[in-house]
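Worksheet: one structure, shown below.
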Amino acid sequence: MERKTIGIDLGHCETTAAYPRAVGADGISHEVLRLAVQGKDQVISTQIILTYAQMEKLADALRPDYQLLRTLGDIRIGSGLPAYVEDGEKFAYFKVPPSQFDKPIGDKRSQAVGLTHGKVMACFVYALVNNILKYNVGDLSDYDRADVDLLVGCPTTEDWTKEETQRAYAELVQRATQVHAVHIVPESRAAMFSSVESKQQTVSAIEGAVVFDFGSSTADCTYMLLGRRVEEFSWELGASKIEETMMRYAYRKAVEEHGPFTPDEKSLVETADLMRTNKESYYNGSFGQKKGQTVYCDFVDAADGSEQGAKVRVDDEFMDEVTNRMSMGILCDSTTEKAGTWRGLCREFFLEAKSRIGSASYTVTEDGKEKRVSCPIGTVVLTGGASKMNFIYELCKEVFLDAAILREQNPSHTVSNGLGWVAVSDENVERCRQEAREELAANPECGVEALRVGLSDALFERICTIVEERTRAWAERPEENLPLRELQDDLRAYTAGDEAKDELERICRERLGSWKAELSKAMEGAVNRQVDRLYSEEVARGLMIPDDVWEQLQSEGLSVGMIDVGKLLEKFDVSGLAAKVGTIALHAVAWAVALALAIETGGWSLIVLTALELFGGAEISDTDLDKPRKKKVRLDVANKVGAELKKNKNKKALLKAFDEDLKEQTAGYADVVDGALTAAFEVVTLKRFYR
């Protein structure tokens with residue numbers, strides 16, 4: 001059965017899912033669909049109800065598996081759950097990093113049977129995947145379970161991104177759902193993919209893009225400059241912090257009315273959940289913001305169980321108080337404590353991002369010298385459910401004055417939609433690379449044989465010209481009699497000299513450069529054609545490597561050994577090859593001259609023997625080399641040596657050692673091309689960056 005992948009954004013407050021579906025006969029072109037996760041709802045609250053009977057069945061299971069969870073019966077999750085559960089408990093804000101999986105949760109009865117955050121998370125993902133396989137008829141069904149892979153997003157904070165942490169999270173989800181495989185993907189990569197894919201706006205990682213993902217638990221910053229630089233960091237500045245502050249305000253009102261008391265944990269969570277609903281209604285404009293809405297917050301005294309309620313009016317004044325005047329504490333990058341108002345901390349978050357990106361740079365090479373270039377910011381994208389709050393947009397405009405600031409049209413779907421595109425890229429990138437490789441192999445202009453032939457022809461042509469020029473100069477000297485030895489010495493000295501070596505090296509480099517440019521052009525086209533097939537038109541537009549970036553990735557040394565196949569040039573000892581060519585050329589010329597002189601003098605046997613010895617590497621010791629030759633004879637030799645030397649057999653003999661060495665040097669050509677293609681596809685799938 002065909003493998004299917006589901007992207008899941010299990011947020012602190014909201015959960016969404018997406019599914020990449022093939023749309024072309026080639027099996028590579030895809031579209032990403034939003035999935036129903038509860039009935040027809042594509043966005044649900046991350047909430048769950050467990051009965052006490054269900055909790056008791058989980059008592060002995062540290063990490064409940066699919067078979068055990070099936071025995072629990074119906075598990076209610078999502079939006080619209082009742083606030084009061086007669087024989088159980090409703091849970092919200094239960095998502096925690098793996099280090100806190102075993103932290104107790106719930107009221108006294110829930111904790112008495114060993115209920116933990118990890119167990120509640122397992123129950124939620126079990127019910128969630130069941131819903132997805134149930135409510136998306138035509139695309140998915142429970143029969144697909146064994147062939148389903150899940151891509152689950154996680155925040156970019158340190159307590160989520162460590163390898164062992166992601167492995168623990170994947171294992172919990174895998175056991176609970178019994179799907180084929182579970183992979184944890186940083187939400188930053190998914191958010192960038194989704195922003196690039198957006199049909200309502202133009203976002204390009206080529207020009208430097210920042211995505212601020214304001215979720216319910218964290219605010220994540222991701223900056224990407226395609227193939228060059230990535231910057232990521234995360235603060236505990238989620239929208240739930242506002243809800244907690246709203247709850248604290250309500251609790252303060254209750255204390256003012258009823259006197260000091262300690263509320264139980266359950267009533268605090270329920271009040272925060274109530275405040276979340278009203279906060280969203282406020283920012284969505286469901287009721288007049290100035291007029292507001294009165295909310296009754298019911299706290300329970302942990303000491304005697306008495307109700308200690310308070311009324312709060314959620315309006316402009318109240319929301320300004322909880323976001324702009326009341327202080328809170330957060331963690332930055334899971335480690336550094338920071339205090340301030342939500343708005344004040346949000347502004348600091350933007351300033352921190354601007355500072356980090358502003359101090360970031362990447363290496364370019366100009367005029368043979370490396371230098372650092374500052375990273376540009378072309379676009380800033382605000383996404384995540386909390387980005388709906390208008391003041392976030394206003395604060396962002398104050399900080400990023402020169403950037404285009406965009407707001408996602410459907411911020412709740414950003415991560416799950418992006419995970420769908422991550423799935424498309426990861427599942428098909430090897431096939432795309434293979435097809436790009438096959439396209440290159442079919443192009444005769446960029447194959448290694450084209451390089452060998454081009455180099456051989458260019459070097460042989462120049463060597464023949466050198467020999468003709470030096471022989472003509474020897475022949476036309478005014479002296480009446482000159483020995484062949486003098487021509488040989490002249491050729492030996494010239495071909496061993498710096499001028500000839502530099503010229504042959506220049507020819508090699510020019511030919512290599514021309515071949516590299518042809519290969520680069522072909523590779524660029526092959527990669528971009530695959531990117532165009534791999535993604536939607538919108539994604540391809542934002543991730544396809546354009547001409548100027550491709551050229552920069554080579555000429556500026558940003559990826560030597562990655563996309564710049566000119567790395568091959570560094571493997572050639574051009575000076576050494578030139579020396580070999582010079583020696584062979586000298587021998588071949590001596591043979592040709594000797595043959596011409598033999599014809600003139602009738603000394604066939606002696607000269608042929610000498611030529612054979614010479615071609616075998618022996619020094620010419622024949623006395624005829626020292627015999628003076630008249631100018632007329634020398635001119636006849638000069639007229640014939642070029643044509644004789646250019647015969648194919650002489651070319652083969654002349655370049656025999658060169659060709660053998662070149663074949664040895666280019667034996668790794670396929671590996672180099674594969675490495676370059678791998679790197680190119682890692683760039684366009686936002687996996688590889690160079691600082």
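Ordering of the structure tokens sets the chain letters (A, B, ...); residue numbers start at 1 within each chain; ligands are numbered from 1 in the order shown.
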At most 9 Å is the cut-off: for each residue in range 9-79 of chain A with any atom that close to an atom of range 402-422 of chain A, write down the nearest atom pair and the distance in Å rounded to one decimal, counting only C-alpha atoms, chain first then increasing number, as CSV.
```
residue,atom,partner,partner_atom,distance
A:Asp9,CA,A:Ser416,CA,5.0
A:Leu10,CA,A:Ser416,CA,8.8
A:Glu14,CA,A:Ser412,CA,7.7
A:Thr15,CA,A:Ser412,CA,8.3
A:Thr16,CA,A:Ser416,CA,6.1
A:Ala17,CA,A:Ser416,CA,5.2
A:Ala18,CA,A:Ser416,CA,5.4
A:Tyr19,CA,A:Gly420,CA,5.7
A:Pro20,CA,A:Gly420,CA,5.3
A:His30,CA,A:Trp421,CA,8.6
A:Glu31,CA,A:Trp421,CA,8.4
A:Val32,CA,A:Gly420,CA,5.9
A:Leu33,CA,A:Asn417,CA,7.6
A:Arg34,CA,A:Asn417,CA,7.1
A:Gln42,CA,A:His413,CA,8.7
A:Val43,CA,A:Ser412,CA,7.4
```
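Closest to Ala254 in chain A among A:Lys103, A:Lys162, A:Lys241, A:Lys311 is A:Lys311, based on only C-alpha atoms.
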DSSP alpha helix (DSSP H) residues within range 321-429 of chain A, listed as a PyMOL selection string: chain A and resi 321-324+342-359+390-399+414-429
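Distances from A:Gln178, A:Thr271, A:Asn130, A:Asn639 to Glu468 in chain A were compared using only C-alpha atoms, and the smallest one belongs to A:Asn639.
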All residues 10 Å or closer to Asp273 in chain A, only C-alpha atoms, same chain fewer than 5 positions away omitted, as a PyMOL selection string: chain A and resi 13+47+83+91-93+240+243-244+247+267-268+278-279
Generate the output file for the selected residues, C-alpha atoms, as a PDB file, in the first residue's frame.
```
ATOM      1  CA  CYS A  13      -4.165  25.470  22.820  1.00  0.00           C
ATOM      2  CA  GLN A  47      -8.554  19.668  25.222  1.00  0.00           C
ATOM      3  CA  ALA A  83     -16.823  22.655  31.578  1.00  0.00           C
ATOM      4  CA  PHE A  91      -7.830  18.715  30.706  1.00  0.00           C
ATOM      5  CA  ALA A  92      -6.332  21.705  28.900  1.00  0.00           C
ATOM      6  CA  TYR A  93      -2.767  23.061  28.777  1.00  0.00           C
ATOM      7  CA  SER A 240      -1.284  31.404  27.135  1.00  0.00           C
ATOM      8  CA  GLU A 243      -4.566  34.042  29.559  1.00  0.00           C
ATOM      9  CA  GLU A 244      -2.618  33.316  32.740  1.00  0.00           C
ATOM     10  CA  MET A 247      -6.672  34.629  35.267  1.00  0.00           C
ATOM     11  CA  SER A 267     -10.163  26.032  38.960  1.00  0.00           C
ATOM     12  CA  LEU A 268      -7.094  27.975  37.869  1.00  0.00           C
ATOM     13  CA  ASN A 278     -13.016  35.537  25.813  1.00  0.00           C
ATOM     14  CA  LYS A 279      -9.599  36.820  24.761  1.00  0.00           C
TER      15      LYS A 279
END
```
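Candidate residues A:Ile49, A:Leu395, A:Glu187, A:Thr222 were compared for distance to Val85 in chain A, and the nearest is A:Ile49, using only C-alpha atoms.
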